[in-house]
$ cat protein.txt   # compact mmCIF, N, CA and C atoms
# COMPACT_ATOMS: atom_id res chain seq x y z
N MET M 2 11.81 -18.99 26.92
CA MET M 2 12.42 -17.72 27.23
C MET M 2 11.78 -16.60 26.42
N LYS M 3 11.61 -16.83 25.08
CA LYS M 3 11.00 -15.82 24.23
C LYS M 3 9.57 -15.52 24.68
N LEU M 4 8.85 -16.56 25.07
CA LEU M 4 7.47 -16.39 25.49
C LEU M 4 7.40 -15.50 26.72
N HIS M 5 8.35 -15.66 27.66
CA HIS M 5 8.36 -14.84 28.86
C HIS M 5 8.67 -13.38 28.53
N ILE M 6 9.58 -13.16 27.60
CA ILE M 6 9.92 -11.80 27.21
C ILE M 6 8.74 -11.14 26.51
N ILE M 7 8.08 -11.88 25.61
CA ILE M 7 6.93 -11.34 24.90
C ILE M 7 5.80 -11.04 25.87
N THR M 8 5.56 -11.96 26.80
CA THR M 8 4.51 -11.75 27.79
C THR M 8 4.78 -10.52 28.64
N ALA M 9 6.03 -10.35 29.08
CA ALA M 9 6.39 -9.18 29.89
C ALA M 9 6.23 -7.90 29.09
N PHE M 10 6.65 -7.91 27.84
CA PHE M 10 6.54 -6.73 26.98
C PHE M 10 5.07 -6.36 26.78
N LEU M 11 4.24 -7.36 26.49
CA LEU M 11 2.82 -7.10 26.28
C LEU M 11 2.14 -6.63 27.56
N ALA M 12 2.59 -7.13 28.70
CA ALA M 12 2.03 -6.69 29.98
C ALA M 12 2.34 -5.22 30.21
N ILE M 13 3.55 -4.80 29.87
CA ILE M 13 3.91 -3.38 30.02
C ILE M 13 3.07 -2.52 29.10
N ILE M 14 2.90 -2.97 27.85
CA ILE M 14 2.07 -2.22 26.90
C ILE M 14 0.63 -2.13 27.40
N ALA M 15 0.10 -3.24 27.88
CA ALA M 15 -1.28 -3.26 28.36
C ALA M 15 -1.44 -2.36 29.58
N PHE M 16 -0.42 -2.30 30.42
CA PHE M 16 -0.47 -1.46 31.62
C PHE M 16 -0.46 0.01 31.24
N CYS M 17 0.34 0.37 30.24
CA CYS M 17 0.48 1.76 29.83
C CYS M 17 -0.62 2.22 28.90
N ALA M 18 -1.29 1.32 28.22
CA ALA M 18 -2.27 1.67 27.20
C ALA M 18 -3.40 2.56 27.70
N PRO M 19 -3.97 2.35 28.89
CA PRO M 19 -5.09 3.20 29.29
C PRO M 19 -4.73 4.68 29.40
N SER M 20 -3.45 5.02 29.57
CA SER M 20 -3.07 6.42 29.68
C SER M 20 -2.99 7.10 28.32
N VAL M 21 -3.06 6.33 27.24
CA VAL M 21 -3.00 6.88 25.89
C VAL M 21 -4.42 7.12 25.40
N THR M 22 -4.67 8.27 24.82
CA THR M 22 -6.01 8.60 24.34
C THR M 22 -6.41 7.67 23.21
N GLY M 23 -7.57 7.08 23.33
CA GLY M 23 -8.09 6.21 22.29
C GLY M 23 -7.49 4.81 22.29
N ALA M 24 -6.78 4.44 23.34
CA ALA M 24 -6.15 3.11 23.38
C ALA M 24 -7.20 2.03 23.57
N VAL M 25 -6.96 0.89 22.99
CA VAL M 25 -7.86 -0.25 23.10
C VAL M 25 -7.19 -1.28 23.98
N PRO M 26 -7.87 -1.76 25.05
CA PRO M 26 -7.25 -2.78 25.90
C PRO M 26 -7.00 -4.07 25.12
N VAL M 27 -5.91 -4.74 25.43
CA VAL M 27 -5.53 -5.97 24.74
C VAL M 27 -5.54 -7.12 25.72
N GLU M 28 -6.18 -8.23 25.33
CA GLU M 28 -6.16 -9.42 26.16
C GLU M 28 -4.91 -10.20 25.83
N LEU M 29 -4.04 -10.40 26.82
CA LEU M 29 -2.73 -11.02 26.58
C LEU M 29 -2.82 -12.45 26.10
N SER M 30 -3.76 -13.22 26.58
CA SER M 30 -3.81 -14.62 26.19
C SER M 30 -4.05 -14.78 24.69
N SER M 31 -4.84 -13.90 24.09
CA SER M 31 -5.09 -14.02 22.66
C SER M 31 -3.88 -13.59 21.84
N VAL M 32 -3.09 -12.65 22.34
CA VAL M 32 -1.92 -12.18 21.61
C VAL M 32 -0.78 -13.19 21.71
N VAL M 33 -0.55 -13.75 22.89
CA VAL M 33 0.55 -14.69 23.10
C VAL M 33 0.34 -15.96 22.29
N ASN M 34 -0.91 -16.41 22.15
CA ASN M 34 -1.19 -17.64 21.43
C ASN M 34 -1.36 -17.43 19.92
N ALA M 35 -1.25 -16.20 19.46
CA ALA M 35 -1.42 -15.91 18.04
C ALA M 35 -0.21 -16.43 17.25
N PRO M 36 -0.42 -16.88 16.02
CA PRO M 36 0.70 -17.34 15.21
C PRO M 36 1.62 -16.18 14.83
N ALA M 37 2.90 -16.47 14.68
CA ALA M 37 3.87 -15.43 14.33
C ALA M 37 3.72 -15.06 12.86
N VAL M 38 3.84 -13.78 12.57
CA VAL M 38 3.79 -13.30 11.20
C VAL M 38 5.22 -13.14 10.71
N VAL M 39 5.55 -13.79 9.61
CA VAL M 39 6.91 -13.73 9.08
C VAL M 39 7.15 -12.38 8.43
N SER M 40 6.27 -11.94 7.56
CA SER M 40 6.41 -10.62 6.96
C SER M 40 5.06 -10.15 6.47
N ALA M 41 4.87 -8.87 6.54
CA ALA M 41 3.66 -8.25 6.05
C ALA M 41 4.03 -6.91 5.48
N SER M 42 3.65 -6.65 4.26
CA SER M 42 3.98 -5.37 3.66
C SER M 42 2.91 -4.97 2.66
N VAL M 43 2.81 -3.68 2.45
CA VAL M 43 1.89 -3.14 1.47
C VAL M 43 2.73 -2.38 0.47
N ASP M 44 2.63 -2.75 -0.80
CA ASP M 44 3.42 -2.10 -1.83
C ASP M 44 2.64 -0.91 -2.37
N SER M 45 2.77 0.24 -1.71
CA SER M 45 2.04 1.43 -2.12
C SER M 45 2.90 2.33 -3.00
N ASP M 46 4.17 2.00 -3.17
CA ASP M 46 5.08 2.80 -3.97
C ASP M 46 5.04 2.31 -5.41
N LYS M 47 4.43 3.08 -6.28
CA LYS M 47 4.27 2.67 -7.67
C LYS M 47 5.46 3.08 -8.54
N GLU M 48 6.34 3.96 -8.04
CA GLU M 48 7.49 4.40 -8.83
C GLU M 48 8.69 3.48 -8.71
N PHE M 49 8.76 2.70 -7.62
CA PHE M 49 9.93 1.85 -7.38
C PHE M 49 9.51 0.44 -7.01
N LYS M 50 10.24 -0.51 -7.55
CA LYS M 50 10.08 -1.90 -7.13
C LYS M 50 11.46 -2.35 -6.66
N VAL M 51 11.55 -2.80 -5.42
CA VAL M 51 12.82 -3.21 -4.83
C VAL M 51 12.73 -4.70 -4.52
N GLU M 52 13.73 -5.46 -4.96
CA GLU M 52 13.72 -6.89 -4.66
C GLU M 52 15.13 -7.41 -4.46
N GLY M 53 15.22 -8.44 -3.64
CA GLY M 53 16.50 -9.10 -3.40
C GLY M 53 16.64 -10.28 -4.33
N SER M 54 17.83 -10.49 -4.82
CA SER M 54 18.12 -11.60 -5.71
C SER M 54 19.35 -12.31 -5.17
N THR M 55 19.89 -13.23 -5.91
CA THR M 55 21.09 -13.92 -5.48
C THR M 55 22.29 -12.98 -5.65
N GLY M 56 22.82 -12.49 -4.54
CA GLY M 56 24.00 -11.64 -4.55
C GLY M 56 23.79 -10.20 -4.97
N MET M 57 22.52 -9.76 -5.08
CA MET M 57 22.30 -8.37 -5.48
C MET M 57 20.93 -7.86 -5.08
N ILE M 58 20.83 -6.52 -5.05
CA ILE M 58 19.56 -5.84 -4.83
C ILE M 58 19.19 -5.17 -6.15
N ILE M 59 17.95 -5.39 -6.60
CA ILE M 59 17.48 -4.84 -7.87
C ILE M 59 16.45 -3.76 -7.56
N ILE M 60 16.70 -2.56 -8.10
CA ILE M 60 15.76 -1.44 -7.93
C ILE M 60 15.26 -1.07 -9.32
N LYS M 61 13.95 -1.21 -9.54
CA LYS M 61 13.33 -0.85 -10.82
C LYS M 61 12.57 0.45 -10.61
N SER M 62 12.84 1.41 -11.48
CA SER M 62 12.22 2.73 -11.34
C SER M 62 11.36 3.05 -12.55
N THR M 63 10.19 3.62 -12.30
CA THR M 63 9.36 4.17 -13.37
C THR M 63 9.27 5.68 -13.22
N ALA M 64 10.09 6.24 -12.33
CA ALA M 64 10.09 7.69 -12.10
C ALA M 64 10.57 8.41 -13.35
N GLU M 65 10.16 9.66 -13.47
CA GLU M 65 10.51 10.44 -14.65
C GLU M 65 11.84 11.18 -14.51
N LYS M 66 12.46 11.13 -13.34
CA LYS M 66 13.74 11.81 -13.16
C LYS M 66 14.70 10.90 -12.40
N GLU M 67 15.99 11.22 -12.48
CA GLU M 67 17.00 10.43 -11.76
C GLU M 67 16.78 10.58 -10.25
N THR M 68 16.87 9.47 -9.56
CA THR M 68 16.66 9.48 -8.12
C THR M 68 17.80 8.77 -7.40
N THR M 69 17.91 9.04 -6.11
CA THR M 69 18.93 8.41 -5.29
C THR M 69 18.25 7.49 -4.28
N CYS M 70 18.72 6.26 -4.22
CA CYS M 70 18.24 5.29 -3.24
C CYS M 70 19.41 4.92 -2.34
N ARG M 71 19.13 4.60 -1.10
CA ARG M 71 20.18 4.24 -0.15
C ARG M 71 19.95 2.85 0.40
N ILE M 72 21.05 2.10 0.55
CA ILE M 72 20.99 0.74 1.08
C ILE M 72 21.69 0.74 2.42
N TYR M 73 20.97 0.29 3.47
CA TYR M 73 21.48 0.25 4.83
C TYR M 73 21.55 -1.19 5.32
N SER M 74 22.50 -1.43 6.24
CA SER M 74 22.52 -2.72 6.93
C SER M 74 21.36 -2.74 7.91
N ILE M 75 21.08 -3.90 8.47
CA ILE M 75 20.01 -4.03 9.46
C ILE M 75 20.31 -3.18 10.70
N THR M 76 21.59 -2.91 10.97
CA THR M 76 21.97 -2.09 12.12
C THR M 76 21.92 -0.60 11.83
N GLY M 77 21.59 -0.23 10.58
CA GLY M 77 21.44 1.18 10.24
C GLY M 77 22.65 1.82 9.59
N GLN M 78 23.70 1.07 9.32
CA GLN M 78 24.90 1.62 8.69
C GLN M 78 24.65 1.78 7.19
N LEU M 79 24.95 2.96 6.65
CA LEU M 79 24.81 3.20 5.22
C LEU M 79 25.86 2.41 4.47
N LEU M 80 25.43 1.54 3.57
CA LEU M 80 26.35 0.68 2.81
C LEU M 80 26.56 1.18 1.39
N ALA M 81 25.52 1.71 0.77
CA ALA M 81 25.64 2.15 -0.62
C ALA M 81 24.61 3.22 -0.93
N THR M 82 25.00 4.14 -1.79
CA THR M 82 24.08 5.12 -2.35
C THR M 82 24.01 4.83 -3.84
N VAL M 83 22.80 4.60 -4.33
CA VAL M 83 22.62 4.17 -5.72
C VAL M 83 21.83 5.23 -6.48
N LYS M 84 22.38 5.70 -7.59
CA LYS M 84 21.65 6.62 -8.47
C LYS M 84 20.92 5.78 -9.50
N VAL M 85 19.61 6.00 -9.60
CA VAL M 85 18.78 5.23 -10.53
C VAL M 85 18.29 6.19 -11.61
N ALA M 86 18.62 5.89 -12.86
CA ALA M 86 18.22 6.72 -14.00
C ALA M 86 16.71 6.62 -14.19
N PRO M 87 16.12 7.61 -14.87
CA PRO M 87 14.67 7.57 -15.11
C PRO M 87 14.25 6.30 -15.86
N ALA M 88 13.18 5.71 -15.41
CA ALA M 88 12.59 4.52 -16.05
C ALA M 88 13.63 3.46 -16.39
N SER M 89 14.41 3.05 -15.38
CA SER M 89 15.45 2.05 -15.61
C SER M 89 15.54 1.09 -14.43
N THR M 90 16.48 0.15 -14.54
CA THR M 90 16.72 -0.83 -13.49
C THR M 90 18.16 -0.73 -13.04
N SER M 91 18.37 -0.73 -11.72
CA SER M 91 19.71 -0.69 -11.16
C SER M 91 19.96 -1.97 -10.39
N LYS M 92 21.12 -2.58 -10.62
CA LYS M 92 21.49 -3.80 -9.90
C LYS M 92 22.74 -3.51 -9.10
N THR M 93 22.66 -3.74 -7.77
CA THR M 93 23.79 -3.49 -6.88
C THR M 93 24.23 -4.81 -6.27
N GLU M 94 25.48 -5.20 -6.54
CA GLU M 94 26.00 -6.44 -5.97
C GLU M 94 26.27 -6.22 -4.48
N ILE M 95 25.86 -7.22 -3.68
CA ILE M 95 25.99 -7.12 -2.23
C ILE M 95 25.98 -8.53 -1.64
N ASN M 96 26.57 -8.70 -0.48
CA ASN M 96 26.62 -10.01 0.18
C ASN M 96 25.23 -10.46 0.62
N ALA M 97 25.10 -11.74 0.86
CA ALA M 97 23.83 -12.29 1.35
C ALA M 97 23.51 -11.70 2.72
N GLY M 98 22.23 -11.43 2.97
CA GLY M 98 21.80 -10.88 4.26
C GLY M 98 20.52 -10.09 4.12
N CYS M 99 20.15 -9.40 5.20
CA CYS M 99 18.95 -8.55 5.24
C CYS M 99 19.39 -7.09 5.16
N TYR M 100 18.69 -6.31 4.36
CA TYR M 100 19.05 -4.92 4.15
C TYR M 100 17.80 -4.05 4.18
N ILE M 101 18.01 -2.76 4.40
CA ILE M 101 16.94 -1.77 4.35
C ILE M 101 17.25 -0.88 3.16
N VAL M 102 16.28 -0.72 2.26
CA VAL M 102 16.46 0.13 1.08
C VAL M 102 15.47 1.28 1.18
N LYS M 103 16.02 2.51 1.13
CA LYS M 103 15.19 3.71 1.18
C LYS M 103 15.13 4.33 -0.20
N THR M 104 13.93 4.43 -0.74
CA THR M 104 13.70 5.15 -1.98
C THR M 104 13.15 6.52 -1.58
N PRO M 105 13.01 7.44 -2.50
CA PRO M 105 12.48 8.76 -2.11
C PRO M 105 11.09 8.72 -1.49
N SER M 106 10.32 7.69 -1.78
CA SER M 106 8.94 7.66 -1.29
C SER M 106 8.61 6.52 -0.34
N SER M 107 9.57 5.60 -0.08
CA SER M 107 9.27 4.50 0.83
C SER M 107 10.55 3.87 1.37
N THR M 108 10.37 3.00 2.35
CA THR M 108 11.48 2.23 2.93
C THR M 108 11.07 0.77 2.94
N ARG M 109 11.98 -0.10 2.50
CA ARG M 109 11.67 -1.52 2.40
C ARG M 109 12.75 -2.38 3.00
N LYS M 110 12.36 -3.54 3.53
CA LYS M 110 13.32 -4.56 3.95
C LYS M 110 13.51 -5.53 2.79
N VAL M 111 14.77 -5.92 2.55
CA VAL M 111 15.08 -6.80 1.43
C VAL M 111 15.99 -7.91 1.91
N MET M 112 15.74 -9.13 1.44
CA MET M 112 16.57 -10.29 1.76
C MET M 112 17.35 -10.67 0.52
N VAL M 113 18.68 -10.77 0.67
CA VAL M 113 19.55 -11.18 -0.43
C VAL M 113 20.08 -12.56 -0.10
N LYS M 114 20.00 -13.47 -1.06
CA LYS M 114 20.48 -14.85 -0.85
C LYS M 114 21.91 -14.98 -1.29

$ encode --input "protein.txt" --output "structure tokens"
Amino acid sequence: MKLHIITAFLAIIAFCAPSVTGAVPVELSSVVNAPAVVSASVDSDKEFKVEGSTGMIIIKSTAEKETTCRIYSITGQLLATVKVAPASTSKTEINAGCYIVKTPSSTRKVMVK
């Protein structure tokens, strides 16, 4: 079932791609048979380190001023607003699950066990 949905989605993208300037045609057979990527991220934010732990989200800041970070559910509901002091670590207790954490300079997905 998933394969059919993915194939249909990729077919729509491939059909629409030529109308986009600079689009590159995609061969569906190579995309459908590609291995699934579990996660891929680039940590370009040097002021904040966000990580999930057992029952909490840890935000480490090296910023020189107090900042506000926001924790959202996967559905986009704001769950917590966390003030992080300059050059400190903030620990927010939260239930197990997947969350989105927005710092002033980036947005990250976090898994809490």

$ atom_distance --input "protein.txt" --atom1 "atom N of Ile58 of chain M" --atom2 "atom N of Lys92 of chain M"
6.8 Å

$ atom_distance --input "protein.txt" --atom1 "atom N of Glu52 of chain M" --atom2 "atom C of Gln78 of chain M"
17.9 Å

$ closest_residue --input "protein.txt" --among "M:Cys70, M:Ile75, M:Val113, M:Ile59" --to "Asn96 of chain M" --atoms "only N, CA and C atoms"
M:Val113

$ closest_residue --input "protein.txt" --among "M:Lys114, M:Arg71, M:Lys61, M:Lys103" --to "Val83 of chain M" --atoms "all atoms listed in the file"
M:Arg71

$ closest_residue --input "protein.txt" --among "M:Met112, M:Ser107, M:Thr55, M:Tyr100" --to "Tyr73 of chain M" --atoms "only C-alpha atoms"
M:Tyr100

$ residues_around --input "protein.txt" --residues "Ser74 of chain M" --least-positions-apart "2" --cutoff "8 Å" --atoms "all atoms listed in the file" --output "PyMOL selection string"
chain M and resi 71-72+76-81+99-102

$ select_by_dssp --input "protein.txt" --residues "segment 43-96 of chain M" --states "strand (DSSP E)" --output "JSON, numbers by chain"
{"M": [49, 50, 51, 52, 53, 54, 57, 58, 59, 60, 61, 62, 68, 69, 70, 71, 72, 73, 74, 79, 80, 81, 82, 83, 84, 85, 90, 91, 92, 93, 94]}

$ write_last_selection --input "protein.txt" --atoms "N, CA and C atoms" --output "short mmCIF file (atom, residue, chain, number, x, y, z; two decimals), keeping the file's coordinate frame"
data_model
loop_
_atom_site.label_atom_id
_atom_site.label_comp_id
_atom_site.auth_asym_id
_atom_site.auth_seq_id
_atom_site.Cartn_x
_atom_site.Cartn_y
_atom_site.Cartn_z
N PHE M 49 8.76 2.70 -7.62
CA PHE M 49 9.93 1.85 -7.38
C PHE M 49 9.51 0.44 -7.01
N LYS M 50 10.24 -0.51 -7.55
CA LYS M 50 10.08 -1.90 -7.13
C LYS M 50 11.46 -2.35 -6.66
N VAL M 51 11.55 -2.80 -5.42
CA VAL M 51 12.82 -3.21 -4.83
C VAL M 51 12.73 -4.70 -4.52
N GLU M 52 13.73 -5.46 -4.96
CA GLU M 52 13.72 -6.89 -4.66
C GLU M 52 15.13 -7.41 -4.46
N GLY M 53 15.22 -8.44 -3.64
CA GLY M 53 16.50 -9.10 -3.40
C GLY M 53 16.64 -10.28 -4.33
N SER M 54 17.83 -10.49 -4.82
CA SER M 54 18.12 -11.60 -5.71
C SER M 54 19.35 -12.31 -5.17
N MET M 57 22.52 -9.76 -5.08
CA MET M 57 22.30 -8.37 -5.48
C MET M 57 20.93 -7.86 -5.08
N ILE M 58 20.83 -6.52 -5.05
CA ILE M 58 19.56 -5.84 -4.83
C ILE M 58 19.19 -5.17 -6.15
N ILE M 59 17.95 -5.39 -6.60
CA ILE M 59 17.48 -4.84 -7.87
C ILE M 59 16.45 -3.76 -7.56
N ILE M 60 16.70 -2.56 -8.10
CA ILE M 60 15.76 -1.44 -7.93
C ILE M 60 15.26 -1.07 -9.32
N LYS M 61 13.95 -1.21 -9.54
CA LYS M 61 13.33 -0.85 -10.82
C LYS M 61 12.57 0.45 -10.61
N SER M 62 12.84 1.41 -11.48
CA SER M 62 12.22 2.73 -11.34
C SER M 62 11.36 3.05 -12.55
N THR M 68 16.87 9.47 -9.56
CA THR M 68 16.66 9.48 -8.12
C THR M 68 17.80 8.77 -7.40
N THR M 69 17.91 9.04 -6.11
CA THR M 69 18.93 8.41 -5.29
C THR M 69 18.25 7.49 -4.28
N CYS M 70 18.72 6.26 -4.22
CA CYS M 70 18.24 5.29 -3.24
C CYS M 70 19.41 4.92 -2.34
N ARG M 71 19.13 4.60 -1.10
CA ARG M 71 20.18 4.24 -0.15
C ARG M 71 19.95 2.85 0.40
N ILE M 72 21.05 2.10 0.55
CA ILE M 72 20.99 0.74 1.08
C ILE M 72 21.69 0.74 2.42
N TYR M 73 20.97 0.29 3.47
CA TYR M 73 21.48 0.25 4.83
C TYR M 73 21.55 -1.19 5.32
N SER M 74 22.50 -1.43 6.24
CA SER M 74 22.52 -2.72 6.93
C SER M 74 21.36 -2.74 7.91
N LEU M 79 24.95 2.96 6.65
CA LEU M 79 24.81 3.20 5.22
C LEU M 79 25.86 2.41 4.47
N LEU M 80 25.43 1.54 3.57
CA LEU M 80 26.35 0.68 2.81
C LEU M 80 26.56 1.18 1.39
N ALA M 81 25.52 1.71 0.77
CA ALA M 81 25.64 2.15 -0.62
C ALA M 81 24.61 3.22 -0.93
N THR M 82 25.00 4.14 -1.79
CA THR M 82 24.08 5.12 -2.35
C THR M 82 24.01 4.83 -3.84
N VAL M 83 22.80 4.60 -4.33
CA VAL M 83 22.62 4.17 -5.72
C VAL M 83 21.83 5.23 -6.48
N LYS M 84 22.38 5.70 -7.59
CA LYS M 84 21.65 6.62 -8.47
C LYS M 84 20.92 5.78 -9.50
N VAL M 85 19.61 6.00 -9.60
CA VAL M 85 18.78 5.23 -10.53
C VAL M 85 18.29 6.19 -11.61
N THR M 90 16.48 0.15 -14.54
CA THR M 90 16.72 -0.83 -13.49
C THR M 90 18.16 -0.73 -13.04
N SER M 91 18.37 -0.73 -11.72
CA SER M 91 19.71 -0.69 -11.16
C SER M 91 19.96 -1.97 -10.39
N LYS M 92 21.12 -2.58 -10.62
CA LYS M 92 21.49 -3.80 -9.90
C LYS M 92 22.74 -3.51 -9.10
N THR M 93 22.66 -3.74 -7.77
CA THR M 93 23.79 -3.49 -6.88
C THR M 93 24.23 -4.81 -6.27
N GLU M 94 25.48 -5.20 -6.54
CA GLU M 94 26.00 -6.44 -5.97
C GLU M 94 26.27 -6.22 -4.48
#

$ atom_distance --input "protein.txt" --atom1 "atom CA of Pro105 of chain M" --atom2 "atom CA of Ser54 of chain M"
21.4 Å

$ closest_residue --input "protein.txt" --among "M:Val85, M:Val51, M:Val111, M:Ala64" --to "Gly98 of chain M" --atoms "only C-alpha atoms"
M:Val111

$ residues_around --input "protein.txt" --residues "Pro87 of chain M" --least-positions-apart "3" --cutoff "5 Å" --atoms "only N, CA and C atoms" --output "ChimeraX atom specification"
/M:64-67
